[in-house]
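> Below is the file protein16.txt, which contains compact mmCIF, C-alpha atoms (C1' of nucleotides).
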# COMPACT_ATOMS: atom_id res chain seq x y z
CA MET A 1 0.00 0.00 0.00
CA ALA A 2 1.20 3.47 -0.76
CA GLY A 3 -0.84 6.49 0.30
CA PHE A 4 -4.42 6.95 1.37
CA ASN A 5 -6.69 7.04 -1.61
CA THR A 6 -4.38 4.99 -3.74
CA TYR A 7 -4.51 1.38 -4.88
CA THR A 8 -2.15 -1.16 -6.34
CA ILE A 9 -3.27 -2.99 -9.42
CA SER A 10 -4.13 -6.15 -7.53
CA GLU A 11 -6.12 -4.26 -4.92
CA LEU A 12 -8.30 -2.80 -7.64
CA ALA A 13 -8.51 -6.18 -9.33
CA LYS A 14 -9.65 -7.86 -6.15
CA GLU A 15 -12.19 -5.20 -5.28
CA PHE A 16 -13.86 -5.24 -8.69
CA GLU A 17 -13.28 -8.90 -9.44
CA VAL A 18 -11.40 -8.40 -12.66
CA THR A 19 -7.94 -9.54 -13.70
CA THR A 20 -4.88 -7.31 -13.64
CA ARG A 21 -4.69 -7.88 -17.37
CA THR A 22 -8.06 -6.24 -17.77
CA ILE A 23 -6.93 -3.20 -15.80
CA ARG A 24 -3.74 -2.85 -17.84
CA PHE A 25 -5.83 -3.20 -20.96
CA TYR A 26 -8.10 -0.37 -19.88
CA GLU A 27 -5.03 1.76 -19.28
CA GLU A 28 -3.71 0.89 -22.73
CA LYS A 29 -7.00 2.10 -24.15
CA GLY A 30 -6.67 5.36 -22.22
CA LEU A 31 -9.58 4.67 -19.87
CA LEU A 32 -7.41 4.70 -16.75
CA ASN A 33 -4.48 7.00 -15.98
CA PRO A 34 -2.49 5.66 -13.05
CA SER A 35 0.62 7.50 -11.91
CA ARG A 36 3.85 5.60 -11.45
CA ASN A 37 6.24 4.80 -8.66
CA GLY A 38 9.19 3.73 -10.75
CA GLN A 39 7.69 0.97 -12.85
CA HIS A 40 4.74 0.25 -10.61
CA ARG A 41 1.33 1.71 -11.26
CA ILE A 42 -0.43 3.72 -8.57
CA PHE A 43 -4.17 4.13 -9.05
CA GLY A 44 -5.97 7.06 -7.51
CA LYS A 45 -9.52 7.92 -6.62
CA SER A 46 -10.45 8.92 -10.14
CA ASP A 47 -9.15 5.65 -11.57
CA HIS A 48 -11.28 3.89 -9.00
CA ALA A 49 -14.32 5.85 -10.11
CA CYS A 50 -13.59 5.29 -13.79
CA LEU A 51 -13.23 1.57 -13.34
CA GLU A 52 -16.51 1.45 -11.51
CA LEU A 53 -18.18 3.32 -14.34
CA ILE A 54 -16.60 1.12 -17.00
CA LEU A 55 -17.83 -2.04 -15.34
CA ARG A 56 -21.28 -0.62 -14.81
CA GLY A 57 -21.33 0.32 -18.46
CA LYS A 58 -20.25 -3.17 -19.36
CA ARG A 59 -23.08 -4.73 -17.39
CA ALA A 60 -25.40 -2.31 -19.16
CA GLY A 61 -24.12 -3.55 -22.51
CA LEU A 62 -21.93 -0.58 -23.45
CA SER A 63 -18.70 -0.94 -25.35
CA LEU A 64 -15.48 0.45 -23.92
CA GLU A 65 -15.67 3.22 -26.49
CA GLU A 66 -19.08 4.24 -25.24
CA SER A 67 -17.90 4.16 -21.65
CA ARG A 68 -14.91 6.23 -22.60
CA GLU A 69 -17.23 8.79 -24.10
CA ILE A 70 -19.21 8.98 -20.89
CA ILE A 71 -16.04 9.26 -18.82
CA GLN A 72 -14.89 12.16 -20.92
CA MET A 73 -18.13 13.95 -20.12
CA TYR A 74 -17.16 13.99 -16.46
CA ASP A 75 -13.91 15.70 -17.32
CA PRO A 76 -14.70 18.36 -19.93
CA GLU A 77 -11.87 19.62 -22.12
CA GLY A 78 -12.77 23.21 -22.92
CA ASP A 79 -14.55 25.59 -20.57
CA ASN A 80 -16.26 28.09 -22.81
CA TYR A 81 -19.91 28.53 -23.58
CA GLU A 82 -20.01 26.46 -26.79
CA GLN A 83 -18.14 23.59 -25.24
CA TYR A 84 -20.61 23.30 -22.40
CA GLN A 85 -23.56 23.58 -24.75
CA PHE A 86 -22.06 20.85 -26.88
CA LEU A 87 -21.52 18.71 -23.82
CA LEU A 88 -25.10 19.20 -22.69
CA ASN A 89 -26.28 17.97 -26.07
CA LYS A 90 -24.08 14.90 -25.82
CA VAL A 91 -25.41 14.21 -22.36
CA ASP A 92 -28.97 14.42 -23.64
CA GLU A 93 -28.21 12.14 -26.57
CA ARG A 94 -26.59 9.55 -24.38
CA GLN A 95 -29.42 9.68 -21.90
CA ALA A 96 -31.97 9.20 -24.67
CA GLN A 97 -30.06 6.18 -25.91
CA LEU A 98 -29.89 4.68 -22.44
CA GLU A 99 -33.59 5.24 -21.96
CA SER A 100 -34.44 3.54 -25.23
CA GLN A 101 -32.26 0.69 -24.06
CA ILE A 102 -34.39 0.44 -20.95
CA GLU A 103 -37.44 0.23 -23.20
CA ASP A 104 -35.95 -2.68 -25.09
CA ILE A 105 -35.20 -4.46 -21.84
CA ASN A 106 -38.73 -3.85 -20.61
CA GLN A 107 -40.10 -5.39 -23.78
CA LEU A 108 -37.91 -8.41 -23.25
CA ILE A 109 -39.24 -8.65 -19.70
CA ALA A 110 -42.80 -8.35 -21.00
CA GLY A 111 -42.09 -11.22 -23.35
CA LEU A 112 -40.87 -13.28 -20.45
CA GLY A 113 -44.13 -12.50 -18.68
CA GLU A 114 -45.95 -14.06 -21.59
CA VAL A 115 -43.77 -17.15 -21.36
CA ARG A 116 -44.52 -17.32 -17.66
CA ASN A 117 -48.26 -17.16 -18.30
CA ARG A 118 -48.08 -20.00 -20.78
CA CYS A 119 -46.06 -22.02 -18.31
CA ASN A 120 -48.58 -21.48 -15.55
CA SER A 121 -51.46 -22.44 -17.83
CA ALA A 122 -49.67 -25.60 -18.82
CA LEU A 123 -48.96 -26.42 -15.20
CA LYS A 124 -52.58 -25.84 -14.27
CA LYS A 125 -53.71 -28.10 -17.03
CA ILE A 126 -51.31 -30.81 -15.94
CA SER A 127 -52.48 -30.68 -12.35
CA ALA A 128 -56.09 -30.68 -13.57
CA ASP A 129 -55.49 -33.78 -15.68
CA LYS A 130 -53.94 -35.43 -12.65
CA PRO A 131 -56.20 -34.86 -9.68
CA ALA A 132 -54.59 -37.94 -8.11
CA ASN A 133 -52.91 -36.25 -5.18
CA LYS A 134 -55.33 -34.19 -3.18
CA MET B 135 -42.75 -13.05 -52.95
CA ALA B 136 -43.95 -16.50 -52.12
CA GLY B 137 -46.87 -17.01 -49.74
CA PHE B 138 -48.59 -14.80 -47.21
CA ASN B 139 -46.65 -14.72 -44.00
CA THR B 140 -43.36 -15.52 -45.65
CA TYR B 141 -40.35 -13.41 -46.47
CA THR B 142 -37.31 -13.63 -48.68
CA ILE B 143 -33.95 -12.94 -47.11
CA SER B 144 -33.70 -9.48 -48.59
CA GLU B 145 -37.20 -8.55 -47.46
CA LEU B 146 -36.26 -9.37 -43.90
CA ALA B 147 -32.95 -7.59 -44.30
CA LYS B 148 -34.63 -4.44 -45.54
CA GLU B 149 -37.32 -4.45 -42.87
CA PHE B 150 -34.87 -4.82 -39.98
CA GLU B 151 -32.01 -2.93 -41.56
CA VAL B 152 -29.45 -5.69 -41.35
CA THR B 153 -27.41 -7.36 -44.07
CA THR B 154 -28.30 -10.71 -45.59
CA ARG B 155 -24.98 -11.95 -44.27
CA THR B 156 -26.20 -11.23 -40.75
CA ILE B 157 -29.38 -13.23 -41.35
CA ARG B 158 -27.47 -16.18 -42.76
CA PHE B 159 -25.13 -15.97 -39.80
CA TYR B 160 -28.05 -16.16 -37.39
CA GLU B 161 -29.29 -19.20 -39.24
CA GLU B 162 -25.85 -20.80 -39.03
CA LYS B 163 -26.00 -20.26 -35.29
CA GLY B 164 -29.39 -21.93 -35.14
CA LEU B 165 -31.31 -18.79 -34.20
CA LEU B 166 -33.42 -18.83 -37.36
CA ASN B 167 -34.93 -21.83 -39.13
CA PRO B 168 -36.12 -20.88 -42.59
CA SER B 169 -37.62 -23.55 -44.82
CA ARG B 170 -36.34 -23.97 -48.36
CA ASN B 171 -37.68 -23.66 -51.84
CA GLY B 172 -34.93 -25.51 -53.64
CA GLN B 173 -31.87 -23.55 -52.60
CA HIS B 174 -33.66 -20.40 -51.57
CA ARG B 175 -34.57 -19.67 -47.99
CA ILE B 176 -38.15 -18.93 -47.04
CA PHE B 177 -38.62 -17.20 -43.72
CA GLY B 178 -41.87 -17.55 -41.83
CA LYS B 179 -43.64 -15.68 -39.09
CA SER B 180 -41.63 -17.29 -36.32
CA ASP B 181 -38.37 -16.37 -38.01
CA HIS B 182 -39.67 -12.83 -38.21
CA ALA B 183 -40.46 -12.83 -34.51
CA CYS B 184 -37.11 -14.38 -33.62
CA LEU B 185 -35.18 -11.83 -35.59
CA GLU B 186 -37.07 -9.05 -33.90
CA LEU B 187 -36.24 -10.51 -30.52
CA ILE B 188 -32.58 -11.00 -31.41
CA LEU B 189 -32.18 -7.40 -32.47
CA ARG B 190 -34.02 -6.12 -29.44
CA GLY B 191 -31.72 -8.23 -27.32
CA LYS B 192 -28.75 -6.82 -29.15
CA ARG B 193 -29.82 -3.26 -28.47
CA ALA B 194 -30.24 -4.27 -24.86
CA GLY B 195 -26.68 -5.53 -24.77
CA LEU B 196 -27.37 -9.27 -24.88
CA SER B 197 -25.12 -11.70 -26.70
CA LEU B 198 -26.54 -14.00 -29.35
CA GLU B 199 -26.21 -16.86 -26.90
CA GLU B 200 -28.36 -15.04 -24.38
CA SER B 201 -30.93 -14.22 -27.01
CA ARG B 202 -30.95 -17.84 -28.09
CA GLU B 203 -31.67 -18.85 -24.53
CA ILE B 204 -34.62 -16.50 -24.39
CA ILE B 205 -35.90 -17.73 -27.75
CA GLN B 206 -35.80 -21.29 -26.52
CA MET B 207 -38.01 -20.29 -23.62
CA TYR B 208 -40.74 -19.39 -26.07
CA ASP B 209 -40.57 -22.86 -27.54
CA PRO B 210 -40.20 -25.30 -24.64
CA GLU B 211 -38.79 -28.73 -25.36
CA GLY B 212 -40.43 -31.01 -22.85
CA ASP B 213 -43.97 -30.67 -21.58
CA ASN B 214 -43.99 -32.28 -18.20
CA TYR B 215 -44.24 -30.72 -14.77
CA GLU B 216 -40.51 -30.54 -14.01
CA GLN B 217 -39.71 -29.02 -17.38
CA TYR B 218 -42.17 -26.20 -16.85
CA GLN B 219 -40.97 -25.61 -13.32
CA PHE B 220 -37.42 -25.47 -14.60
CA LEU B 221 -38.45 -23.06 -17.32
CA LEU B 222 -40.23 -20.82 -14.82
CA ASN B 223 -37.04 -20.63 -12.80
CA LYS B 224 -35.06 -19.70 -15.87
CA VAL B 225 -37.58 -17.03 -16.72
CA ASP B 226 -37.27 -15.59 -13.23
CA GLU B 227 -33.49 -15.63 -13.37
CA ARG B 228 -33.40 -13.90 -16.70
CA GLN B 229 -35.89 -11.32 -15.57
CA ALA B 230 -33.84 -10.58 -12.46
CA GLN B 231 -30.76 -10.13 -14.60
CA LEU B 232 -32.57 -7.78 -16.96
CA GLU B 233 -33.88 -5.78 -14.03
CA SER B 234 -30.43 -5.41 -12.52
CA GLN B 235 -29.29 -4.26 -15.93
CA ILE B 236 -31.94 -1.56 -15.80
CA GLU B 237 -30.54 -0.49 -12.44
CA ASP B 238 -27.08 -0.12 -13.92
CA ILE B 239 -28.46 1.98 -16.72
CA ASN B 240 -30.37 4.15 -14.28
CA GLN B 241 -27.17 4.77 -12.35
CA LEU B 242 -25.45 5.79 -15.55
CA ILE B 243 -28.30 8.18 -16.24
CA ALA B 244 -28.05 9.57 -12.72
CA GLY B 245 -24.37 10.19 -13.35
CA LEU B 246 -25.24 12.07 -16.51
CA GLY B 247 -27.62 14.18 -14.45
CA GLU B 248 -24.70 15.17 -12.29
CA VAL B 249 -22.69 16.12 -15.36
CA ARG B 250 -25.63 18.17 -16.56
CA ASN B 251 -25.82 20.03 -13.27
CA ARG B 252 -22.16 20.90 -13.39
CA CYS B 253 -22.58 22.13 -16.94
CA ASN B 254 -25.48 24.34 -16.03
CA SER B 255 -23.60 25.80 -13.11
CA ALA B 256 -20.64 26.54 -15.32
CA LEU B 257 -22.89 28.15 -17.91
CA LYS B 258 -24.57 30.28 -15.26
CA LYS B 259 -21.24 31.43 -13.99
CA ILE B 260 -20.09 32.32 -17.49
CA SER B 261 -23.21 34.38 -18.21
CA ALA B 262 -22.83 36.05 -14.80
CA ASP B 263 -19.24 37.03 -15.56
CA LYS B 264 -20.40 38.43 -18.86
CA PRO B 265 -23.42 40.60 -18.25
CA ALA B 266 -22.63 42.40 -21.52
CA ASN B 267 -25.72 41.27 -23.42
CA LYS B 268 -28.72 42.00 -21.27
C1' DA C 269 -29.37 -16.10 -76.29
C1' DA C 270 -27.73 -12.84 -73.23
C1' DG C 271 -27.80 -10.37 -69.33
C1' DC C 272 -29.12 -8.80 -64.90
C1' DA C 273 -30.90 -8.96 -60.15
C1' DA C 274 -31.23 -11.90 -56.27
C1' DG C 275 -29.91 -15.99 -54.13
C1' DT C 276 -26.47 -19.65 -52.76
C1' DT C 277 -22.13 -21.73 -50.49
C1' DG C 278 -17.43 -21.47 -49.10
C1' DA C 279 -13.59 -19.22 -47.19
C1' DC C 280 -10.71 -15.77 -45.43
C1' DG C 281 -10.49 -10.99 -42.98
C1' DT C 282 -11.55 -7.87 -39.08
C1' DT C 283 -12.54 -5.66 -34.55
C1' DA C 284 -13.26 -5.72 -29.61
C1' DA C 285 -11.99 -7.33 -25.34
C1' DC C 286 -9.47 -9.61 -23.15
C1' DG C 287 -6.55 -14.58 -21.98
C1' DT C 288 -2.25 -16.62 -21.56
C1' DA C 289 2.49 -17.62 -21.64
C1' DA C 290 7.39 -15.94 -21.59
C1' DA C 291 11.01 -13.44 -19.54
C1' DG C 292 12.43 -10.40 -16.39
C1' DG C 293 12.89 -6.47 -12.32
C1' DT C 294 12.35 -5.68 -6.97
C1' DG C 295 11.75 -5.60 -2.10
C1' DG C 296 11.41 -8.29 2.13
C1' DG C 297 11.80 -12.70 5.11
C1' DG C 298 14.25 -16.70 6.61
C1' DC D 299 22.03 -15.03 -0.34
C1' DC D 300 18.15 -16.95 -2.13
C1' DC D 301 13.46 -17.50 -2.69
C1' DC D 302 8.86 -15.74 -3.06
C1' DA D 303 5.15 -12.75 -4.03
C1' DC D 304 4.10 -9.02 -6.75
C1' DC D 305 4.93 -6.16 -10.34
C1' DT D 306 6.47 -5.14 -15.25
C1' DT D 307 6.56 -5.40 -20.69
C1' DT D 308 6.10 -8.00 -25.04
C1' DA D 309 3.68 -10.77 -27.79
C1' DC D 310 0.88 -14.16 -29.63
C1' DG D 311 -3.86 -16.68 -29.01
C1' DT D 312 -9.00 -16.64 -28.72
C1' DT D 313 -14.06 -15.78 -29.16
C1' DA D 314 -18.06 -13.35 -30.93
C1' DA D 315 -20.23 -11.25 -34.59
C1' DC D 316 -20.19 -10.25 -38.48
C1' DG D 317 -17.68 -8.04 -43.32
C1' DT D 318 -15.95 -9.07 -47.67
C1' DC D 319 -14.71 -11.26 -51.66
C1' DA D 320 -15.10 -15.18 -55.09
C1' DA D 321 -17.35 -18.29 -57.80
C1' DC D 322 -21.74 -20.23 -58.84
C1' DT D 323 -27.01 -21.07 -59.92
C1' DT D 324 -31.70 -19.49 -60.94
C1' DG D 325 -35.33 -16.88 -62.74
C1' DC D 326 -36.95 -13.14 -65.40
C1' DT D 327 -36.65 -9.84 -69.01
C1' DT D 328 -35.30 -7.73 -73.27
Please express the file's structure as structure tokens.


Amino acid sequence: MAGFNTYTISELAKEFEVTTRTIRFYEEKGLLNPSRNGQHRIFGKSDHACLELILRGKRAGLSLEESREIIQMYDPEGDNYEQYQFLLNKVDERQAQLESQIEDINQLIAGLGEVRNRCNSALKKISADKPANK
Amino acid sequence: MAGFNTYTISELAKEFEVTTRTIRFYEEKGLLNPSRNGQHRIFGKSDHACLELILRGKRAGLSLEESREIIQMYDPEGDNYEQYQFLLNKVDERQAQLESQIEDINQLIAGLGEVRNRCNSALKKISADKPANK
DNA sequence: AAGCAAGTTGACGTTAACGTAAAGGTGGGG
DNA sequence: CCCCACCTTTACGTTAACGTCAACTTGCTT
């Protein structure tokens, strides 16, 4: 262990249940920016937050590129009026996409509800055909 | 065109905006089961429904394997009590997974809300520093 | 007959997201 | 001093999900 809000690569790996290879890969892709102590990587609070976001994005079905885009929103490049307006638009776009994704998932769930109904009907019919055990 | 509820490969491709290669690939993987007129594929209503489900699953971030699993739920293999019970469990599992996926997405959206707030604050500050145009 | 659009089967190429093995530096404990 | 656990870089391997030719057949149309 090094400082306070810092992590070694294996600490991060253990906490988020990923391999060290995965973490190095995310760094390669520019999604994490650890500092160095000689050769060794030192991950800070922001790396921790980024990794959390990446993995959440992954569970949500986002690609690393999409997660990177979201990460960049948290850390805007310019600071003038147009930049912020542009960023707000991007935020809205991304939110719309995520919401339409929720719709798709809800439709899948609705479909499963239909399957469940059929199952229950079939089970009822079976137990009606077999009134043996009562 | 052939019959009533049937489609050629390019009709399906056009309707769902995918390539014919994609459709053949899904057949290769056993996700679609077109009948044949000689060499030519003839897709029916169930193929149409499956393709719709596959693409919805894709937008939701599911792999083809996961979509296949869901498809198989619609068309149960056995028909005895245990089979239906087993299927009901699978349905519940999958639904739970989809719901937790929605949670992840909602957290991403919440994060975007934070970004939006920061943006708006920054914009307010900028327009406060520049009361030139009243 | 000739050609063109639409379909077919291989077969190899590509990208993303890592896995996995090789070969080596580095600080502490026995 | 030597081993061990942990870290490093380099590099090739792998899987999913198609893309992209190439080389045909088939049916219609001119």

> What are the residues of chain D lining chain A at 9 Å or less? Count all atoms listed in the file, and put the answer as a PyMOL selection string.

chain D and resi 304-306

> Write out as a list in words the residues lying within 12 Å of D:DG317, counting only C-alpha atoms (C1' of nucleotides) and excluding same-chain residues fewer than 5 positions away.

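In the requested form, the answer reads Thr153, Thr154, Arg155, Thr156 and Phe159 of chain B; DC280, DG281, DT282 and DT283 of chain C.
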
> After superposing chain B onto chain A (least squares, all C-alpha atoms, pairing by order), export the transformed chain as a CSV table (one decimal) with C-alpha atoms, in the coordinates of the input.


chain,number,residue,atom,x,y,z
B,135,MET,CA,0.0,-0.1,0.2
B,136,ALA,CA,1.2,3.4,-0.7
B,137,GLY,CA,-0.9,6.4,0.3
B,138,PHE,CA,-4.5,6.9,1.4
B,139,ASN,CA,-6.7,7.0,-1.6
B,140,THR,CA,-4.4,5.0,-3.7
B,141,TYR,CA,-4.6,1.4,-4.9
B,142,THR,CA,-2.2,-1.2,-6.3
B,143,ILE,CA,-3.3,-3.0,-9.4
B,144,SER,CA,-4.1,-6.2,-7.5
B,145,GLU,CA,-6.2,-4.3,-4.9
B,146,LEU,CA,-8.3,-2.8,-7.7
B,147,ALA,CA,-8.5,-6.2,-9.4
B,148,LYS,CA,-9.7,-7.9,-6.2
B,149,GLU,CA,-12.2,-5.2,-5.3
B,150,PHE,CA,-13.9,-5.3,-8.7
B,151,GLU,CA,-13.3,-8.9,-9.5
B,152,VAL,CA,-11.4,-8.4,-12.7
B,153,THR,CA,-7.9,-9.6,-13.7
B,154,THR,CA,-4.9,-7.3,-13.7
B,155,ARG,CA,-4.7,-7.9,-17.4
B,156,THR,CA,-8.1,-6.2,-17.8
B,157,ILE,CA,-6.9,-3.2,-15.8
B,158,ARG,CA,-3.8,-2.9,-17.9
B,159,PHE,CA,-5.8,-3.2,-21.0
B,160,TYR,CA,-8.1,-0.4,-19.9
B,161,GLU,CA,-5.0,1.7,-19.3
B,162,GLU,CA,-3.7,0.9,-22.7
B,163,LYS,CA,-7.0,2.1,-24.1
B,164,GLY,CA,-6.7,5.4,-22.2
B,165,LEU,CA,-9.6,4.7,-19.9
B,166,LEU,CA,-7.4,4.7,-16.8
B,167,ASN,CA,-4.5,7.0,-16.0
B,168,PRO,CA,-2.5,5.6,-13.0
B,169,SER,CA,0.6,7.5,-11.9
B,170,ARG,CA,3.9,5.6,-11.4
B,171,ASN,CA,6.2,4.8,-8.6
B,172,GLY,CA,9.2,3.7,-10.7
B,173,GLN,CA,7.7,0.9,-12.8
B,174,HIS,CA,4.7,0.2,-10.6
B,175,ARG,CA,1.3,1.7,-11.2
B,176,ILE,CA,-0.5,3.7,-8.6
B,177,PHE,CA,-4.2,4.1,-9.0
B,178,GLY,CA,-6.0,7.0,-7.5
B,179,LYS,CA,-9.6,7.9,-6.6
B,180,SER,CA,-10.5,8.9,-10.1
B,181,ASP,CA,-9.1,5.7,-11.6
B,182,HIS,CA,-11.3,3.9,-9.0
B,183,ALA,CA,-14.3,5.8,-10.1
B,184,CYS,CA,-13.6,5.3,-13.8
B,185,LEU,CA,-13.2,1.6,-13.4
B,186,GLU,CA,-16.5,1.4,-11.5
B,187,LEU,CA,-18.2,3.3,-14.4
B,188,ILE,CA,-16.6,1.1,-17.0
B,189,LEU,CA,-17.8,-2.0,-15.4
B,190,ARG,CA,-21.3,-0.6,-14.8
B,191,GLY,CA,-21.3,0.3,-18.5
B,192,LYS,CA,-20.2,-3.1,-19.4
B,193,ARG,CA,-23.1,-4.7,-17.5
B,194,ALA,CA,-25.4,-2.3,-19.2
B,195,GLY,CA,-24.1,-3.5,-22.6
B,196,LEU,CA,-21.9,-0.5,-23.5
B,197,SER,CA,-18.7,-0.9,-25.4
B,198,LEU,CA,-15.5,0.5,-24.0
B,199,GLU,CA,-15.6,3.3,-26.5
B,200,GLU,CA,-19.1,4.3,-25.3
B,201,SER,CA,-17.9,4.2,-21.7
B,202,ARG,CA,-14.9,6.3,-22.6
B,203,GLU,CA,-17.2,8.8,-24.1
B,204,ILE,CA,-19.2,9.0,-20.9
B,205,ILE,CA,-16.0,9.3,-18.8
B,206,GLN,CA,-14.9,12.2,-20.9
B,207,MET,CA,-18.1,14.0,-20.1
B,208,TYR,CA,-17.1,14.0,-16.5
B,209,ASP,CA,-13.9,15.7,-17.3
B,210,PRO,CA,-14.7,18.4,-19.9
B,211,GLU,CA,-11.8,19.6,-22.1
B,212,GLY,CA,-12.7,23.2,-22.9
B,213,ASP,CA,-14.5,25.6,-20.6
B,214,ASN,CA,-16.2,28.1,-22.8
B,215,TYR,CA,-19.9,28.5,-23.5
B,216,GLU,CA,-20.0,26.5,-26.8
B,217,GLN,CA,-18.1,23.6,-25.2
B,218,TYR,CA,-20.6,23.3,-22.4
B,219,GLN,CA,-23.5,23.6,-24.7
B,220,PHE,CA,-22.0,20.9,-26.9
B,221,LEU,CA,-21.5,18.7,-23.8
B,222,LEU,CA,-25.1,19.2,-22.7
B,223,ASN,CA,-26.3,18.0,-26.1
B,224,LYS,CA,-24.1,14.9,-25.8
B,225,VAL,CA,-25.4,14.2,-22.4
B,226,ASP,CA,-29.0,14.4,-23.6
B,227,GLU,CA,-28.2,12.2,-26.6
B,228,ARG,CA,-26.6,9.6,-24.4
B,229,GLN,CA,-29.4,9.7,-21.9
B,230,ALA,CA,-32.0,9.2,-24.7
B,231,GLN,CA,-30.1,6.2,-25.9
B,232,LEU,CA,-29.9,4.7,-22.5
B,233,GLU,CA,-33.6,5.3,-22.0
B,234,SER,CA,-34.5,3.6,-25.3
B,235,GLN,CA,-32.3,0.7,-24.1
B,236,ILE,CA,-34.4,0.5,-21.0
B,237,GLU,CA,-37.5,0.2,-23.2
B,238,ASP,CA,-36.0,-2.7,-25.1
B,239,ILE,CA,-35.2,-4.4,-21.9
B,240,ASN,CA,-38.7,-3.8,-20.6
B,241,GLN,CA,-40.1,-5.4,-23.8
B,242,LEU,CA,-37.9,-8.4,-23.3
B,243,ILE,CA,-39.3,-8.6,-19.7
B,244,ALA,CA,-42.8,-8.3,-21.0
B,245,GLY,CA,-42.1,-11.2,-23.4
B,246,LEU,CA,-40.9,-13.3,-20.4
B,247,GLY,CA,-44.1,-12.5,-18.7
B,248,GLU,CA,-45.9,-14.1,-21.6
B,249,VAL,CA,-43.8,-17.2,-21.4
B,250,ARG,CA,-44.5,-17.3,-17.7
B,251,ASN,CA,-48.2,-17.2,-18.3
B,252,ARG,CA,-48.1,-20.0,-20.8
B,253,CYS,CA,-46.1,-22.0,-18.3
B,254,ASN,CA,-48.6,-21.5,-15.5
B,255,SER,CA,-51.4,-22.5,-17.8
B,256,ALA,CA,-49.6,-25.6,-18.8
B,257,LEU,CA,-48.9,-26.4,-15.2
B,258,LYS,CA,-52.5,-25.9,-14.2
B,259,LYS,CA,-53.7,-28.1,-17.0
B,260,ILE,CA,-51.3,-30.8,-15.9
B,261,SER,CA,-52.4,-30.7,-12.3
B,262,ALA,CA,-56.0,-30.7,-13.5
B,263,ASP,CA,-55.5,-33.9,-15.6
B,264,LYS,CA,-53.9,-35.5,-12.5
B,265,PRO,CA,-56.1,-34.9,-9.6
B,266,ALA,CA,-54.5,-38.0,-7.9
B,267,ASN,CA,-52.8,-36.1,-5.1
B,268,LYS,CA,-55.4,-34.0,-3.4

> For chain B against chain A, with a cut-off of 6 Å and counting only C-alpha atoms, what is the closest atom pair and its distance in Å to one decimal for every residue that makes the cut, ordered by chain and number, as JSON lines?


{"residue": "B:Arg190", "atom": "CA", "partner": "A:Asp104", "partner_atom": "CA", "distance": 5.9}
{"residue": "B:Ala194", "atom": "CA", "partner": "A:Gln101", "partner_atom": "CA", "distance": 5.4}
{"residue": "B:Gly195", "atom": "CA", "partner": "A:Gly61", "partner_atom": "CA", "distance": 3.9}
{"residue": "B:Tyr218", "atom": "CA", "partner": "A:Cys119", "partner_atom": "CA", "distance": 5.9}
{"residue": "B:Gln229", "atom": "CA", "partner": "A:Ile109", "partner_atom": "CA", "distance": 6.0}
{"residue": "B:Gln235", "atom": "CA", "partner": "A:Ala60", "partner_atom": "CA", "distance": 5.4}
{"residue": "B:Asp238", "atom": "CA", "partner": "A:Arg56", "partner_atom": "CA", "distance": 5.9}
{"residue": "B:Ile239", "atom": "CA", "partner": "A:Ala60", "partner_atom": "CA", "distance": 5.8}
{"residue": "B:Ile243", "atom": "CA", "partner": "A:Gln95", "partner_atom": "CA", "distance": 6.0}
{"residue": "B:Cys253", "atom": "CA", "partner": "A:Tyr84", "partner_atom": "CA", "distance": 5.9}

> Identify every residue of chain C that has at least one atom within 10 Å of any atom of chain B, counting all atoms listed in the file, and report the result as a PyMOL selection string.

chain C and resi 274-276

> Which of these residues is nearest to B:Val152, using only C-alpha atoms (C1' of nucleotides): D:DA321, D:DC316, D:DT307, D:DC301?

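Comparing D:DA321, D:DC316, D:DT307, D:DC301 against B:Val152, the winner is D:DC316.
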
> Interatomic distance between atom C1' of D:DA309 and atom C1' of C:DA290?

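Answer for the atom C1' of D:DA309 to atom C1' of C:DA290 separation: 8.9 Å.
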
> Return the single residue from A:Lys130, A:Lys125, A:Arg68, A:Arg24 that is closest to A:Phe43, with distances computed using all atoms listed in the file.

A:Arg24

> What is the atom C1' of D:DC326-atom CA of B:Ile176 distance in Å, reported with one decimal?

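Pair atom C1' of D:DC326 / atom CA of B:Ile176 returns 19.3 Å.
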
> Quick one: pull the distance between atom CA of A:Cys50 and atom CA of A:Leu32, Å, one decimal.

6.9 Å
